[in-house]
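Student: Handing you this structure, nothing more for now.
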Amino acid sequence: MIGLLDRSLRLVPGVAFIAALLVAIEILVDRGLINRVLLPPPSVIGRTLYDLLLSGEVQGPLLATLGLFAVGFAIAVALGVVLGLLMGTVPWVDDLLDPLVELVRPMPKAALVPVLILFLGLGVPMKITSIALASVFPILINTVQGVRSIDPVLIATGRTFGWSGARITLRIVLPATLPFIAAGLRISVGIALLMTVLSEMLAGTGGLGAVILENQRSFRIRQMYAWLVLLAVIGLVISWGMTVAERRLAPWLEKHRR
Amino acid sequence: MPQGSVASGAPLRRARPSREATGSAGNGTLPGRRRVSGYLLVVLLLLAWELSARLGIVRSENWPPVTQALAVAATSLAGGDLLLALVGTLYRMLAGLVLGSAIGVLVGLALASSRWLRLTVEPLVELLRPLPVPALVPPLILFLGLDDGMKITVVAMTAFFPVFINTLEGATSVEPTYRLVARTLGVPPLRRMRAVLLPATLPFIFAGIRVAIGLAFIVTVVAEMIAGDAGIGYYLVSMQYAGRAAEMYAALFLLAICGFALNAGFLRIEQRILHWNRR
Amino acid sequence: MTTMAGSQALHTDPPHRFGDVLVRVSGVRKHYGAGGDQRTVAIGEADLEIRRGEFLAIVGPSGCGKSTLLQIIAGLSEASAGEVTLDGRRVTAPPPDAVYLFQQYAKSLFPWRTVRRNVTFALEHKPVTAAERKRDAESLLERVGLGEFADHYPWQLSGGMQQRVAIARALAARPRLLLMDEPFSAVDALTRVELQALILDIWSSSEDLTVVLVTHDVDEAVYLADRIAILGRRPSRIDDVIEIGLPRPRHAIETREDSVYLKHRHALLNRLLDRPL
């Protein structure tokens with residue numbers, strides 16, 4: 001109980017600071033010190049968001065964005081972890097794929113979107129490919145690195161039980177690599193969301209990215225900010241979900257935290 | 001290092017300061033041993049690309065022979081649109097990276113030095129961090145227009161977070177004995193900050209910058225794609241509209257080379273400065 | 001004012017020299033955490049006088065608050081009650097002429113600095129030129145036997161050598177009071193003997209150096225110290241201060257075979273092991 005109270009007490013200065021900031025912006029806009037055309041007062045943005053949520057207009061773009069993100073990210077995770085484990089444990093797979101990975105990795109993946117548009121058009125397949133392609137690398141690299149840094153004693157332990165290679169990989173290598181995978185996931189999740197929004201913006205159709213850009217171009221500024229806040233909330237929820245998932249998957253990491 | 005499995009933390013948190021220096025840009029940059037099959041695979045893929053285009057197996061305007069794309073890349077280096085676009089992109093990226101990293105280090109050190117400041121500011125940062133950067137471009141266009149100022153700001157905001165988070169993490173986990181040593185030797189607080197806190201945090205700062213480089217590169221291209229009429233991002237999008245595939249692939253090749261060079265160059269600098277960081 | 005007179009007198013009366021009181025620890029208590037059940041008492045109540053120029057050892061079972069007491073004397077930690085005075089002045093911050101030497105050399109040397117620059121670290125905030133600093137550091141490194149290693153980094157040195165660097169750095173601050181927290185407990189037995197000899201040599205060849213050594217090693221305490229303060233178990237207090245009275249200079253082998261040495265060692269071990277005398 002005391003711990004809980006203590007923790008919520010610690011939030012007070014931070015929440016107060018954010019509130020103060022919002023009030024300050026409100027006042028500055030009200031006094032005309034910030035152009036209200038460029039930045040409407042927070043209260044107006046809040047109001048717009050509220051109306052937006054009630055109108056039911058939100059559902060379509062929201063689900064589109066979330067769906068894209070979820071599918072793209074899931075593909076990246078599956079691909080990254082499986083390939084990473086293979087590259088980490090099977091030398092010839094590593095030899096075969098490592099140079100290719102190293103060639104593609106340093107490229108800013110966002111640049112691939114126009115090329116993918118050429119081949120796949122503006123639809124969902126292009127978007128999902130962009131997302132998966134961009135976010136797979138941090139997972140892949142971290143997984144390989146995690147496998148490589150496993151204490152050989154752990155694997156030797158498995159051998160003394162007479163376990164097969166596959167069993168050792170699943171029962172020992174994978175759990176021991178989880179902290180690294182988790183670190184990779186945390187980087188990828190941000191990139192995946194970034195690519196979701198970008199691909200929507202470039203395609204000009206579908207989810208939140210397209211809506212935000214469209215609102216800006218047609219100068220519906222209040223709406224633009226309202227959608228932006230919505231997107232920020234999504235980002236926050238996903239990031240929070242990652243933390244929870246990480247705790248579930250690798251609770252022993254907890255001790256490394258402050 | 002006190003923690004065993006350091007990759008523990010967050011995204012950006014601790015990509016592993018010390019040894020992973022070789023890790024992230026790492027292992028693969030050392031071709032060394034075997035790997036013959038891997039290079040063979042790359043060559044074969046390029047060959048397949050070339051032949052499929054030349055022999056008409058894949059018949060598409062989007063699929064020029066790879067040699068044609070390489071030729072465009074090569075000639076562009078002598079001057080012309082592509083080179084100009086690339087130079088502009090690199091300039092915006094580096095400017096944003098330097099700006100964002102510098103602010104990240106300063107804010108990180110400041111927050112590390114005061115618990116109150118940390119409690120006050122950290123929630124705001126955590127709130128803003130998960131916001132996908134491309135979404136920031138439209139509102140920033142309103143304030144800063146379409147030019148370099150806007151793009152550099154977006155890149156700086158991107159670079160800020162990983163550097164800030166790593167700096168804060170590093171500065172709050174400095175070996176406590178260091179501070180006690182400085183105190184018992186009578187070193188005044190400001191000098192303690194410069195001579196103890198900063199060098200002790202440096203491995204973390206570098207780890208943060210390493211992450212920031214990759215993100216900054218992506219975001220520069222992204223900002224150019226969404227807004228404005230300059231840079232590789234714009235070049236790519238306009239070549240896509242124009243259906244000039246060879247130019248697009250040429251731009252991609254150059255981007256990959258630049259990305260590789262940036263990583264390798266940074267790694268060199270890092271190893272030079274952090275040569276003492278062995279454990 | 002009396003202390004000032006004392007220090008004057010000392011200069012005319014070199015080597016050993018039990019002068020007046022340099023440090024007075026009176027009624028020092030230390031506890032952590034809030035009141036009530038959660039409170040951990042580190043030091044029950046400690047009173048101690050440290051004489052100018054002496055070599056004092058503080059021994060006690062582990063966890064008795066020896067290091068905490070030393071940190072309070074060094075001004076690195078605040079007492080919950082009571083006070084420490086150095087030369088009659090109350091210690092509230094680390095005094096410039098008292099230097100603390102840490103047990104874990106690996107954590108006290110800066111890995112990003114060479115050996116020489118680790119030593120000059122003690123001087124960089126003082127009004128001396130870079131050339132002087134360098135000369136000072138080099139002569140101190142010579143003094144601790146590391147003249148050739150000035151340009152090495154700490155990780156290139158063995159544990160014993162690293163602790164020598166830490167000693168050189170402490171000396172660079174020109175302390176009158178050297179507070180050592182189990183400085184030799186993390187090195188191997190032979191290195192320990194060498195470091196003990198080094199410290200004895202540094203102490204006996206200086207005019208006005210007072211050394212306080214915290215240790216749980218009874219042999220070390222008897223071999224090195226003029227007096228030994230015994231810290232009891234929790235809630236700890238200074239149980240007793242005994243005079244050793246072994247002749248100086250002491251010798252790494254002969255002194256340890258002296259009957260006086262053996263007598264003290266026997267009695268101290270009995271006390272620390274809680275056995276009747």
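Naming scheme: A, B, ... for chains in displayed order of the structure tokens; residues 1 onward per chain; ligands 1 onward as shown.
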Which residues, written as a ChimeraX atom specification, have at least one atom at most 7 Å from His216 in chain C, with only C-alpha atoms counted and residues fewer than 5 positions away on the same chain left out?

Tutor: /C:59-62

Student: At a cut-off of 10 Å, which residues of chain C touch chain B? Count only C-alpha atoms and give the answer as a PyMOL selection string.

Tutor: chain C and resi 71+74-77+93-102+104-114+121-126+153-155+166+169-175

Student: Quick one: pull the distance between CA of Ala95 in chain B and CA of Thr220 in chain B, Å, one decimal.

Tutor: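 Value for the CA of Ala95 in chain B-CA of Thr220 in chain B distance: 10.5 Å.
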
Student: Show which residues sit within 9 Å of Leu109 in chain B, as a list of chain:residue names. Count only C-alpha atoms, and ignore same-chain residues fewer than 6 positions away.

Tutor: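 Within the cut-off, the hits are B:Phe164, B:Thr167, B:Leu168, B:Ala171, B:Thr172, B:Met193, B:Leu197, B:Leu198, B:Thr201.
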
Student: If you count only C-alpha atoms, which residues fall within 6 Å of Ala225 in chain C, apart from same-chain ones fewer than 6 positions away, as a compact mmCIF listing (two decimals) with all heavy atoms, in the first residue's frame?

Tutor:
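Once everything was written out, this is out-v6.txt:
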```txt
# COMPACT_ATOMS: atom_id res chain seq x y z
N PHE C 55 49.42 6.20 13.86
CA PHE C 55 48.86 5.22 12.94
C PHE C 55 47.81 4.44 13.74
O PHE C 55 48.15 3.66 14.61
CB PHE C 55 49.96 4.28 12.44
CG PHE C 55 49.60 3.54 11.18
CD1 PHE C 55 50.43 3.59 10.06
CD2 PHE C 55 48.42 2.79 11.11
CE1 PHE C 55 50.09 2.90 8.89
CE2 PHE C 55 48.09 2.11 9.96
CZ PHE C 55 48.92 2.16 8.84
N LEU C 56 46.56 4.73 13.47
CA LEU C 56 45.48 4.12 14.24
C LEU C 56 44.75 3.11 13.37
O LEU C 56 44.46 3.38 12.21
CB LEU C 56 44.50 5.20 14.70
CG LEU C 56 43.25 4.68 15.44
CD1 LEU C 56 43.58 4.40 16.90
CD2 LEU C 56 42.10 5.66 15.33
N ALA C 57 44.49 1.95 13.95
CA ALA C 57 43.68 0.98 13.23
C ALA C 57 42.33 0.84 13.91
O ALA C 57 42.25 0.94 15.13
CB ALA C 57 44.37 -0.37 13.17
```

Student: Quick one: residues within 9 Å of His251 in chain C, only C-alpha atoms counted, chain neighbours fewer than 4 positions away excluded, as number ranges by chain?

Tutor: C: 197, 223, 255-256

Student: Tell me which protein, DNA and RNA residues are within 12 Å of Val211 in chain A, counting only C-alpha atoms, leaving out same-chain ones fewer than 3 positions away, and put them as a tab-separated table (two decimals) with C-alpha atoms, in the first residue's frame.

Tutor:
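Listing of part.tsv after writing:
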```tsv
chain	number	residue	atom	x	y	z
A	57	GLU	CA	-15.65	8.94	-37.72
A	58	VAL	CA	-12.65	7.66	-35.85
A	60	GLY	CA	-12.41	3.37	-39.69
A	61	PRO	CA	-8.98	5.04	-39.83
A	62	LEU	CA	-8.15	3.85	-36.33
A	64	ALA	CA	-7.01	0.52	-40.44
A	65	THR	CA	-3.88	1.87	-38.79
A	197	VAL	CA	2.10	6.31	-40.59
A	198	LEU	CA	4.59	7.04	-43.37
A	200	GLU	CA	-0.30	5.82	-45.13
A	201	MET	CA	0.89	9.34	-45.79
A	202	LEU	CA	2.66	8.42	-49.02
A	203	ALA	CA	-0.18	6.27	-50.28
A	204	GLY	CA	-2.65	8.95	-49.28
A	205	THR	CA	-5.24	6.39	-48.36
A	206	GLY	CA	-6.41	4.61	-45.26
A	207	GLY	CA	-5.49	5.23	-41.68
A	208	LEU	CA	-4.42	8.01	-39.39
A	214	GLU	CA	-5.07	15.43	-45.59
A	215	ASN	CA	-6.33	17.65	-42.78
A	216	GLN	CA	-3.17	19.71	-42.87
A	217	ARG	CA	-3.28	20.11	-46.64
A	218	SER	CA	-6.89	21.24	-46.54
A	219	PHE	CA	-6.07	23.43	-43.55
A	220	ARG	CA	-8.45	21.83	-41.07
A	221	ILE	CA	-5.99	22.51	-38.32
A	223	GLN	CA	-8.96	18.30	-36.75
A	224	MET	CA	-5.35	17.68	-37.60
A	225	TYR	CA	-4.31	18.19	-33.99
A	226	ALA	CA	-7.18	16.11	-32.70
A	227	TRP	CA	-6.13	13.17	-34.89
A	228	LEU	CA	-2.54	13.74	-33.86
A	230	LEU	CA	-5.26	10.20	-31.03
A	231	LEU	CA	-2.16	8.87	-32.74
B	135	ALA	CA	3.05	12.68	-37.76
B	138	PRO	CA	2.32	18.31	-40.78
```

Student: As a VMD selection string, please: every residue in range 154-250 of chain B that a backbone DSSP assignment puts in alpha helix (DSSP H).

Tutor: chain B and resid 154 to 172 176 to 184 189 to 192 198 to 226 231 to 242 245 to 250

Student: For Lys263 in chain C, find every residue with an atom within 12 Å (counting only C-alpha atoms), except residues of its own chain fewer than 2 positions away, and show them as number ranges by chain.

Tutor: C: 218-219, 222-223, 244-246, 256-261, 265-270, 277

Student: Have a look at CA of Leu39 in chain A and CA of Ile212 in chain A and let me know their distance in Å, one decimal.

Tutor: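 Taking CA of Leu39 in chain A as the start and CA of Ile212 in chain A as the end point, the length is 14.6 Å.
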
Student: If I take CA of Ile213 in chain B and CA of Met248 in chain B, how far is one from the other in Å, to one decimal?

Tutor: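 Interatomic distance, CA of Ile213 in chain B to CA of Met248 in chain B: 22.7 Å.
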
Student: Find, counting only C-alpha atoms, the residue in A:Ala132, A:Val71, A:Leu28, A:Ile18 that gets nearest to chain B.

Tutor: A:Ile18

Student: Quick one: DSSP strand (DSSP E or B) residues in range 16-207 of chain C, as a ChimeraX atom specification?

Tutor: /C:21-32,40-51,55-59,81-86,89-90,98-101,177-181
